[in-house]
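**Student:** final-v5.csv is the file, holding CSV, C-alpha atoms:
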chain,number,residue,atom,x,y,z
Y,14,MET,CA,69.4,50.3,86.6
Y,15,ALA,CA,69.6,48.1,89.7
Y,16,TYR,CA,68.2,44.6,89.8
Y,17,VAL,CA,67.6,41.9,92.4
Y,18,SER,CA,68.4,38.2,92.5
Y,19,TYR,CA,67.3,35.6,95.0
Y,20,SER,CA,69.0,32.5,96.3
Y,21,GLN,CA,68.8,29.8,99.0
Y,22,ARG,CA,71.7,29.1,101.2
Y,23,GLY,CA,72.9,27.0,104.1
Y,24,LYS,CA,71.6,23.8,105.6
Y,25,LYS,CA,68.3,25.4,106.6
Y,26,LYS,CA,67.7,26.6,103.0
Y,27,LEU,CA,67.0,30.1,104.0
Y,28,TRP,CA,66.4,32.7,101.3
Y,29,ALA,CA,68.6,35.7,100.6
Y,30,TYR,CA,68.4,38.6,98.2
Y,31,THR,CA,71.2,40.6,96.5
Y,32,ILE,CA,70.6,44.0,94.8
Y,33,ARG,CA,73.2,44.8,92.2
Y,34,GLN,CA,74.0,47.6,89.8
Y,35,GLY,CA,76.3,46.4,87.1
Y,36,ASN,CA,79.1,44.4,88.9
Y,37,LYS,CA,78.5,46.3,92.2
Y,38,SER,CA,76.5,44.8,95.1
Y,39,LEU,CA,74.4,47.5,96.7
Y,40,GLU,CA,72.4,45.5,99.2
Y,41,TYR,CA,72.3,42.0,100.6
Y,42,GLN,CA,70.1,40.4,103.2
Y,43,SER,CA,69.7,36.7,104.2
Y,44,GLY,CA,67.7,34.7,106.7
Y,45,PHE,CA,64.2,34.7,105.1
Y,46,LYS,CA,62.2,31.5,105.5
Y,47,THR,CA,60.4,32.0,102.1
Y,48,LYS,CA,61.2,33.7,98.9
Y,49,LYS,CA,58.0,35.8,99.3
Y,50,GLU,CA,59.3,37.3,102.6
Y,51,ALA,CA,62.6,38.2,100.8
Y,52,LYS,CA,60.7,39.8,97.9
Y,53,LEU,CA,58.6,42.0,100.2
Y,54,ILE,CA,61.7,43.6,101.5
Y,55,ALA,CA,63.9,43.6,98.5
Y,56,GLU,CA,61.4,45.1,96.0
Y,57,LYS,CA,60.7,48.0,98.3
Y,58,ILE,CA,64.4,48.8,98.5
Y,59,LEU,CA,65.0,48.2,94.8
Y,60,HIS,CA,62.2,50.7,94.0
Y,61,LYS,CA,63.8,53.3,96.2
Y,62,ILE,CA,67.2,52.8,94.6
Y,63,ASN,CA,65.8,53.0,91.0
Y,64,THR,CA,63.6,56.0,91.6
Y,65,GLY,CA,66.2,58.0,93.6
Y,66,SER,CA,66.1,59.0,97.2
Y,67,VAL,CA,62.6,59.8,98.5
Y,68,ILE,CA,64.0,61.7,101.4
Y,69,ARG,CA,63.4,65.4,101.0
Y,70,GLN,CA,63.4,68.6,103.1
Y,71,ASN,CA,59.7,69.1,103.1
Y,72,MET,CA,58.8,65.6,104.4
Y,73,SER,CA,57.4,65.3,107.9
Y,74,LEU,CA,59.2,63.5,110.7
Y,75,PRO,CA,56.7,60.6,110.7
Y,76,GLU,CA,57.4,60.2,106.9
Y,77,LEU,CA,61.2,60.2,107.5
Y,78,TYR,CA,60.8,57.7,110.3
Y,79,GLN,CA,58.9,55.4,108.0
Y,80,GLU,CA,61.7,55.6,105.5
Y,81,TRP,CA,64.2,54.7,108.2
Y,82,LEU,CA,62.0,51.8,109.2
Y,83,ASP,CA,61.8,50.5,105.6
Y,84,LEU,CA,65.6,50.8,105.0
Y,85,LYS,CA,67.2,50.1,108.4
Y,86,ILE,CA,64.8,48.2,110.7
Y,87,LEU,CA,62.4,46.0,108.8
Y,88,PRO,CA,65.0,44.3,106.6
Y,89,SER,CA,67.2,43.6,109.7
Y,90,ASN,CA,67.4,40.3,111.6
Y,91,LYS,CA,65.7,41.8,114.7
Y,92,SER,CA,62.8,39.8,116.1
Y,93,GLN,CA,59.3,40.7,115.0
Y,94,GLN,CA,58.5,41.6,118.6
Y,95,THR,CA,61.3,44.2,118.5
Y,96,LYS,CA,60.3,45.5,115.1
Y,97,ASP,CA,56.7,46.0,116.4
Y,98,LYS,CA,58.1,48.3,119.1
Y,99,TYR,CA,59.9,50.4,116.5
Y,100,ILE,CA,56.7,50.5,114.4
Y,101,MET,CA,54.6,51.6,117.5
Y,102,ARG,CA,56.9,54.6,118.0
Y,103,LYS,CA,55.8,56.0,114.7
Y,104,ASN,CA,52.4,56.7,116.2
Y,105,ILE,CA,54.0,58.6,119.0
Y,106,ILE,CA,56.1,60.7,116.6
Y,107,LYS,CA,53.1,61.5,114.5
Y,108,ARG,CA,51.2,62.6,117.6
Y,109,LEU,CA,54.1,64.8,118.9
Y,110,PHE,CA,55.3,66.3,115.6
Y,111,GLY,CA,52.3,66.1,113.2
Y,112,SER,CA,53.0,67.0,109.6
Y,113,LYS,CA,55.5,69.8,110.1
Y,114,PRO,CA,58.4,69.5,107.7
Y,115,ILE,CA,61.7,68.3,109.2
Y,116,SER,CA,63.5,71.4,107.8
Y,117,LYS,CA,61.2,73.6,110.0
Y,118,ILE,CA,61.8,71.8,113.3
Y,119,LYS,CA,64.3,73.8,115.5
Y,120,ALA,CA,66.4,72.5,118.3
Y,121,SER,CA,64.5,74.6,120.9
Y,122,GLU,CA,61.1,73.3,119.6
Y,123,TYR,CA,62.4,69.8,119.8
Y,124,GLN,CA,63.6,70.3,123.3
Y,125,LYS,CA,60.2,71.6,124.4
Y,126,ILE,CA,58.4,68.7,122.8
Y,127,MET,CA,60.7,66.2,124.6
Y,128,ASN,CA,60.3,68.1,127.9
Y,129,ASP,CA,56.5,67.9,127.6
Y,130,TYR,CA,56.5,64.3,126.7
Y,131,GLY,CA,58.9,63.6,129.5
Y,132,GLN,CA,56.2,64.6,131.9
Y,133,THR,CA,54.3,61.4,131.1
Y,134,VAL,CA,56.9,58.7,130.4
Y,135,SER,CA,60.0,57.3,132.0
Y,136,ARG,CA,63.6,58.4,131.2
Y,137,ASN,CA,64.3,55.1,129.5
Y,138,HIS,CA,61.2,55.4,127.2
Y,139,LEU,CA,62.1,59.0,126.3
Y,140,GLY,CA,65.7,58.0,125.6
Y,141,ARG,CA,64.7,55.2,123.2
Y,142,LEU,CA,62.4,57.5,121.3
Y,143,ASN,CA,65.1,60.2,121.0
Y,144,SER,CA,67.7,57.7,119.8
Y,145,ASN,CA,65.4,56.5,117.0
Y,146,ILE,CA,64.6,60.1,115.9
Y,147,ARG,CA,68.3,60.9,116.0
Y,148,SER,CA,69.1,57.9,113.7
Y,149,CYS,CA,66.5,59.2,111.2
Y,150,ILE,CA,68.1,62.6,111.1
Y,151,LYS,CA,71.5,61.1,110.6
Y,152,MET,CA,70.2,59.1,107.7
Y,153,ALA,CA,68.8,62.2,106.1
Y,154,ILE,CA,72.0,64.2,106.6
Y,155,ALA,CA,74.0,61.3,105.1
Y,156,ASP,CA,71.7,61.5,102.1
Y,157,LYS,CA,72.9,65.1,101.6
Y,158,ILE,CA,69.5,66.5,102.7
Y,159,PHE,CA,70.2,70.0,104.1
Y,160,ILE,CA,68.5,70.0,107.5
Y,161,GLU,CA,69.5,70.9,111.0
Y,162,ASP,CA,70.2,68.0,113.4
Y,163,PHE,CA,67.8,69.3,116.0
Y,164,THR,CA,68.5,66.3,118.2
Y,165,TYR,CA,72.2,67.1,118.6
Y,166,SER,CA,72.1,69.2,121.9
Y,167,VAL,CA,68.9,67.9,123.4
Y,168,GLU,CA,68.7,67.1,127.1
Y,169,LEU,CA,66.2,64.6,128.3
Y,170,PHE,CA,64.2,65.1,131.4
Y,171,SER,CA,61.5,62.9,132.9
Y,172,ASN,CA,59.2,63.5,135.8
Y,173,LYS,CA,57.8,60.0,135.8
Y,174,LYS,CA,60.0,57.8,137.9
Y,175,GLY,CA,60.8,54.4,136.4
Y,176,GLN,CA,60.6,51.3,138.4
Y,177,ASP,CA,63.2,51.4,141.2
Y,178,SER,CA,65.6,48.5,141.1
Y,179,SER,CA,64.6,47.5,144.6
Y,180,ASP,CA,61.0,47.0,143.3
Y,181,LYS,CA,62.2,44.3,140.9
Y,182,TYR,CA,62.6,41.4,143.2
Y,183,LEU,CA,61.6,40.1,146.7
Y,184,HIS,CA,63.9,41.5,149.3
Y,185,THR,CA,64.4,38.7,151.8
Y,186,VAL,CA,65.1,35.0,151.8
Y,187,GLU,CA,62.2,34.6,154.2
Y,188,ASP,CA,59.7,36.1,151.7
Y,189,TYR,CA,61.2,33.9,149.0
Y,190,LYS,CA,60.6,30.8,151.1
Y,191,ILE,CA,57.1,31.9,152.1
Y,192,VAL,CA,56.2,32.3,148.4
Y,193,MET,CA,57.7,28.9,147.6
Y,194,ASP,CA,55.8,27.1,150.4
Y,195,TYR,CA,52.5,28.9,149.3
Y,196,LEU,CA,53.0,27.7,145.7
Y,197,VAL,CA,53.7,24.1,146.7
Y,198,GLN,CA,50.4,24.0,148.6
Y,199,LYS,CA,48.6,25.2,145.4
Y,200,TRP,CA,49.9,22.4,143.2
Y,201,ASP,CA,47.0,20.7,141.6
Y,202,TYR,CA,47.2,20.1,137.8
Y,203,SER,CA,43.6,19.2,137.6
Y,204,LYS,CA,42.7,22.8,138.6
Y,205,SER,CA,45.5,25.0,137.3
Y,206,ILE,CA,49.0,25.1,135.8
Y,207,VAL,CA,49.7,28.6,137.0
Y,208,PRO,CA,51.1,27.7,140.4
Y,209,TYR,CA,53.6,25.4,138.7
Y,210,ILE,CA,54.6,28.1,136.2
Y,211,ILE,CA,55.2,30.7,139.0
Y,212,PHE,CA,57.1,28.2,141.0
Y,213,PHE,CA,59.5,27.4,138.2
Y,214,LEU,CA,59.9,31.0,137.3
Y,215,PHE,CA,61.2,31.5,140.8
Y,216,LYS,CA,63.4,28.4,140.7
Y,217,THR,CA,65.0,28.6,137.3
Y,218,GLY,CA,65.4,32.3,136.4
Y,219,LEU,CA,63.9,31.7,133.0
Y,220,ARG,CA,62.1,34.5,131.2
Y,221,TYR,CA,58.4,33.8,130.9
Y,222,GLY,CA,58.5,33.1,127.2
Y,223,GLU,CA,61.5,30.8,127.6
Y,224,LEU,CA,59.8,28.8,130.4
Y,225,VAL,CA,56.5,28.2,128.6
Y,226,ALA,CA,58.3,27.3,125.4
Y,227,LEU,CA,59.9,24.2,127.2
Y,228,THR,CA,59.0,20.8,125.9
Y,229,TRP,CA,59.6,17.6,127.8
Y,230,ASP,CA,62.4,16.8,125.5
Y,231,ASP,CA,64.2,20.0,126.7
Y,232,ILE,CA,64.5,18.5,130.3
Y,233,ASP,CA,67.3,16.0,130.8
Y,234,PHE,CA,66.2,14.2,134.0
Y,235,ASN,CA,69.4,12.2,134.2
Y,236,LYS,CA,71.8,15.0,133.9
Y,237,GLU,CA,69.5,17.4,135.7
Y,238,ILE,CA,69.7,20.1,133.0
Y,239,ILE,CA,67.1,22.3,131.2
Y,240,SER,CA,67.9,23.4,127.7
Y,241,THR,CA,66.4,26.7,126.4
Y,242,TYR,CA,66.8,27.9,122.9
Y,243,ARG,CA,63.6,29.8,121.9
Y,244,ARG,CA,60.6,31.6,123.4
Y,245,TYR,CA,56.8,31.2,123.1
Y,246,ASN,CA,54.8,34.4,122.4
Y,247,THR,CA,51.4,34.0,124.1
Y,248,SER,CA,50.1,37.1,122.1
Y,249,ILE,CA,50.5,35.4,118.7
Y,250,HIS,CA,50.7,31.8,120.0
Y,251,GLN,CA,53.9,31.0,118.2
Y,252,PHE,CA,57.4,30.1,119.0
Y,253,THR,CA,59.9,32.9,118.4
Y,254,PRO,CA,63.7,33.1,118.4
Y,255,PRO,CA,65.7,33.6,121.6
Y,256,LYS,CA,66.2,37.1,122.8
Y,257,ASN,CA,69.9,37.0,122.0
Y,258,LYS,CA,72.8,34.6,121.6
Y,259,PRO,CA,73.6,34.2,125.4
Y,260,SER,CA,69.9,33.2,125.8
Y,261,VAL,CA,70.6,29.9,124.3
Y,262,ARG,CA,71.9,28.0,127.3
Y,263,LYS,CA,71.7,25.0,129.6
Y,264,ILE,CA,70.5,25.6,133.2
Y,265,PRO,CA,71.3,23.1,136.0
Y,266,ILE,CA,68.5,22.1,138.3
Y,267,THR,CA,68.3,20.4,141.6
Y,268,ARG,CA,67.3,16.8,142.2
Y,269,GLU,CA,64.2,18.2,144.0
Y,270,LEU,CA,63.2,20.1,140.9
Y,271,VAL,CA,63.6,17.0,138.8
Y,272,LYS,CA,61.1,15.3,141.1
Y,273,VAL,CA,58.6,18.1,140.7
Y,274,PHE,CA,58.9,18.0,136.9
Y,275,LYS,CA,58.4,14.3,136.9
Y,276,GLN,CA,55.3,14.6,139.1
Y,277,LEU,CA,53.9,17.3,136.8
Y,278,LYS,CA,54.5,15.2,133.7
Y,279,LYS,CA,52.7,12.3,135.3
Y,280,SER,CA,49.7,14.5,136.3
Y,281,GLN,CA,49.5,16.1,132.9
Y,282,ALA,CA,49.5,12.7,131.1
Y,283,LYS,CA,46.8,11.4,133.4
Y,284,VAL,CA,44.5,14.3,132.9
Y,285,ASN,CA,45.0,14.4,129.2
Y,286,LYS,CA,44.2,10.7,128.9
Y,287,GLU,CA,41.0,11.2,131.0
Y,288,LEU,CA,39.9,14.1,128.8
Y,289,GLY,CA,41.0,12.5,125.5
Y,290,LEU,CA,43.4,15.4,124.8
Y,291,ILE,CA,46.8,15.4,123.1
Y,292,ASN,CA,49.8,17.7,123.8
Y,293,PRO,CA,50.8,18.3,120.2
Y,294,TYR,CA,54.0,20.2,120.9
Y,295,ASN,CA,54.9,18.1,124.0
Y,296,LEU,CA,54.8,21.3,126.1
Y,297,VAL,CA,55.8,21.1,129.7
Y,298,PHE,CA,53.1,23.6,130.7
Y,299,GLN,CA,50.3,22.6,128.4
Y,300,HIS,CA,46.9,22.7,130.2
Y,301,PHE,CA,43.4,21.8,129.1
Y,302,GLY,CA,42.0,25.1,130.6
Y,303,TYR,CA,43.4,27.3,127.8
Y,304,GLN,CA,42.4,27.6,124.2
Y,305,HIS,CA,46.0,27.7,123.0
Y,306,ASP,CA,47.3,25.3,125.8
Y,307,ILE,CA,49.3,28.0,127.6
Y,308,PRO,CA,48.1,30.8,129.8
Y,309,ASP,CA,49.2,34.3,128.7
Y,310,ILE,CA,51.6,36.4,130.7
Y,311,ALA,CA,48.9,38.8,131.9
Y,312,THR,CA,47.0,35.8,133.5
Y,313,VAL,CA,50.2,34.8,135.4
Y,314,ASN,CA,51.1,38.3,136.4
Y,315,LYS,CA,47.5,38.8,137.9
Y,316,ALA,CA,47.9,35.5,139.8
Y,317,MET,CA,51.3,36.7,141.2
Y,318,LYS,CA,49.8,39.9,142.4
Y,319,THR,CA,46.9,38.1,144.1
Y,320,MET,CA,49.3,35.8,145.8
Y,321,LEU,CA,51.6,38.6,147.1
Y,322,LEU,CA,48.6,40.6,148.3
Y,323,GLU,CA,47.3,37.5,150.1
Y,324,LEU,CA,50.7,36.9,151.7
Y,325,ASP,CA,51.2,40.6,152.5
Y,326,ILE,CA,54.5,40.6,150.7
Y,327,ARG,CA,55.9,43.6,148.9
Y,328,PRO,CA,56.9,44.7,146.3
Y,329,LEU,CA,54.2,43.4,143.9
Y,330,ILE,CA,56.5,41.9,141.3
Y,331,THR,CA,55.7,40.4,137.9
Y,332,THR,CA,57.1,37.3,136.2
Y,333,LYS,CA,60.2,39.4,135.4
Y,334,GLY,CA,60.5,40.0,139.1
Y,335,ALA,CA,60.5,36.3,139.8
Y,336,ARG,CA,63.5,36.0,137.5
Y,337,HIS,CA,65.3,38.9,139.3
Y,338,THR,CA,64.5,37.3,142.7
Y,339,PHE,CA,66.1,34.1,141.6
Y,340,GLY,CA,69.2,36.0,140.5
Y,341,SER,CA,69.3,37.8,143.9
Y,342,TYR,CA,68.8,34.5,145.7
Y,343,LEU,CA,71.8,33.0,143.9
Y,344,TRP,CA,73.9,36.1,144.7
Y,345,HIS,CA,73.0,35.9,148.4
Y,346,ASN,CA,74.1,32.3,148.3
Y,347,ASP,CA,77.6,33.3,147.2
Y,348,ILE,CA,77.2,32.2,143.5
Y,349,ASP,CA,79.7,34.0,141.3
Y,350,LEU,CA,78.2,36.9,139.3
Y,351,GLY,CA,79.7,35.4,136.1
Y,352,VAL,CA,77.9,32.1,136.7
Y,353,ILE,CA,74.6,33.9,137.5
Y,354,ALA,CA,74.9,35.9,134.3
Y,355,LYS,CA,75.3,32.6,132.3
Y,356,ILE,CA,72.3,31.0,134.1
Y,357,LEU,CA,70.1,34.0,133.4
Y,358,GLY,CA,71.3,34.4,129.8
Y,359,HIS,CA,73.1,37.7,130.1
Y,360,LYS,CA,76.1,38.6,128.0
Y,361,ASP,CA,78.0,39.8,131.0
Y,362,ILE,CA,77.5,41.0,134.5
Y,363,ALA,CA,76.6,44.6,133.6
Y,364,MET,CA,72.8,44.0,133.7
Y,365,LEU,CA,73.2,42.3,137.1
Y,366,VAL,CA,75.1,45.3,138.5
Y,367,GLU,CA,72.3,47.6,137.2
Y,368,VAL,CA,69.5,45.5,138.7
Y,369,TYR,CA,71.2,44.4,142.0
Y,370,GLY,CA,73.4,47.5,142.5
Y,371,HIS,CA,71.9,48.4,145.9
Y,372,THR,CA,72.0,44.7,147.0
Y,373,LEU,CA,75.6,44.3,145.7
Y,374,GLU,CA,76.7,47.4,147.6
Y,375,GLU,CA,75.2,46.1,150.8
Y,376,LYS,CA,76.8,42.7,150.3
Y,377,ILE,CA,80.2,44.2,149.5
Y,378,ASN,CA,80.0,46.3,152.7
Y,379,GLU,CA,79.1,43.2,154.7
Y,380,ASP,CA,82.0,41.2,153.3
Y,381,CYS,CA,84.4,44.1,153.9
Y,382,LEU,CA,83.2,44.5,157.4
Y,383,LEU,CA,83.6,40.7,158.0
Y,384,TYR,CA,87.1,40.8,156.5
Y,385,THR,CA,88.3,43.8,158.4
Y,386,SER,CA,86.8,42.9,161.8
Y,387,PRO,CA,89.4,42.0,164.4
Y,388,SER,CA,89.6,38.3,165.3
Y,389,PRO,CA,88.2,37.4,168.7
Y,390,ARG,CA,90.9,37.2,171.4
Y,391,ASP,CA,91.7,33.9,173.0
Could I get this structure in the form of structure tokens?
**Tutor:**
Amino acid sequence: MAYVSYSQRGKKKLWAYTIRQGNKSLEYQSGFKTKKEAKLIAEKILHKINTGSVIRQNMSLPELYQEWLDLKILPSNKSQQTKDKYIMRKNIIKRLFGSKPISKIKASEYQKIMNDYGQTVSRNHLGRLNSNIRSCIKMAIADKIFIEDFTYSVELFSNKKGQDSSDKYLHTVEDYKIVMDYLVQKWDYSKSIVPYIIFFLFKTGLRYGELVALTWDDIDFNKEIISTYRRYNTSIHQFTPPKNKPSVRKIPITRELVKVFKQLKKSQAKVNKELGLINPYNLVFQHFGYQHDIPDIATVNKAMKTMLLELDIRPLITTKGARHTFGSYLWHNDIDLGVIAKILGHKDIAMLVEVYGHTLEEKINEDCLLYTSPSPRD
């Protein structure tokens, strides 16, 4: 019979569980803030081990998917936001496959279901769903459940075009400057914090959650550096971990931006004093106009759309587009791709090539043309 033990480890005193059977360790997971969190995961897995595998041929795909979630996803160190996306896909699987046993699903039927669903979603969305289902099937087969891997030879087709890379950022330096000038004219902390937020999105390349998570302690005015190490989720009004390890970084800012930050800090302190308010988390973008101090991302996206429509600038990008525009702007100013990747918090330049592929190709062609053009004669 397997049993579970709990322990606290490390400087942060995080909880871990270990499931053993005799002298053999069967399962180990750490990183839980409380013992209760560790027990919620550990006892579910312990029950499965002691009662034998609950995976069986006649279970439905949604049931199998739930088992996969319980064993492979929920105990992992993935962020809660990421886990919620996995959980959401169960509803899609239930709608597409119903209660039909996994042993009865044929490859041709699976292909048809994927084809039909591909009429309504992007290729990327379809691919993620298929990848999750394939992982479920592999888990069942590894558990010696005799079923066909109906995902093995599937081909994915989507008639819904995903967002084109050229729609992810502003296309010209002129448009970029027009937007910046527009936002400067809108600065008035007593009315709104949104123009400041949009301005700094375009000027730092920070993700929205990273930007609004900044505190005044995260800005070194003397060294002209911003430190980012976490995000703020405006849906649950809580700080969350960074997206990945490269997301923890220091971003250099110009002297002009330092002046803007100082002016904003002064305006914020003045208004808070007049209204008798405090800024409990010392947030840079705290504003009295919002119940939870920070505007949600939908509010800022709506303001960006209104701004671009008013300026007659296309495409109508979102907060993510502001980040991509900053990356594109750096590239056009001959900043090395490796440096851009570090500033934006990417592991390597692969994502930059994917986003700016068309722009990169044009720039390479321009550089090659400049390099190969004959020198003017004396």
**Student:** From the list Y:Val186, Y:Ile118, Y:Gln198, Y:Gly35, which residue is nearest Y:Glu161 when using all atoms listed in the file?
**Tutor:**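 Among the listed residues, Y:Ile118 lies closest to Y:Glu161.
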**Student:** Can you work out the spacing between atom CA of Y:Lys96 and atom CA of Y:Leu82 in Å, to one decimal?
**Tutor:**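 Rounded to one decimal, the two atoms are 8.8 Å apart.
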**Student:** Show which residues sit within 7 Å of stretch 262-268 of chain Y, as a ChimeraX atom specification. Count all atoms listed in the file, and ignore same-chain residues fewer than 4 positions away.
**Tutor:** /Y:237-242,272,356,358
**Student:** List every residue of stretch 84-112 of chain Y that has an atom at most 12 Å from any atom of stretch 250-261 of chain Y, giving for each one its closest atom pair and the distance in Å to one decimal, counting all atoms listed in the file, sorted by chain and then by ascending residue number, as CSV.
**Tutor:**
residue,atom,partner,partner_atom,distance
Y:Asn90,CA,Y:Pro254,CA,10.6
Y:Lys91,CA,Y:Lys256,CA,9.4
Y:Ser92,CA,Y:Pro254,CA,7.1
Y:Gln93,CA,Y:Thr253,CA,8.5
Y:Gln94,CA,Y:Thr253,CA,8.8
Y:Thr95,CA,Y:Lys256,CA,9.6
**Student:** Excluding stretch 336-344 of chain Y and residues on its chain fewer than 5 positions from it, collect all residues at most 7 Å away from it, counting only C-alpha atoms, and give them as a list in words.
**Tutor:**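 Contacts, with the query itself left out: Lys181, Tyr182, Leu183, Leu214, Phe215, Lys216, Gly218, Leu219, Arg220, Leu350 and Ile353 of chain Y.
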**Student:** One decimal, in Å: what's the spacing between atom CA of Y:Ile154 and atom CA of Y:His138?
**Tutor:**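 That distance, rounded to one decimal, is 24.9 Å.
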**Student:** Determine the nearest neighbour of Y:Val192 from the options Y:Asp97, Y:Glu323, Y:Glu80, Y:Glu287, counting only C-alpha atoms.
**Tutor:**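 When distances to Y:Val192 are compared using only C-alpha atoms, the smallest one comes from Y:Glu323.
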**Student:** To one decimal place in Å, what is the distance between atom CA of Y:Pro328 and atom CA of Y:Phe170?
**Tutor:**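 Distance reported for this atom pair: 26.3 Å.
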**Student:** Name the residues within 12 Å of (61.5, 71.8, 99.7), counting all atoms listed in the file in the file's coordinates, and put them as a ChimeraX atom specification.
**Tutor:** /Y:68-73,114-117,158-160
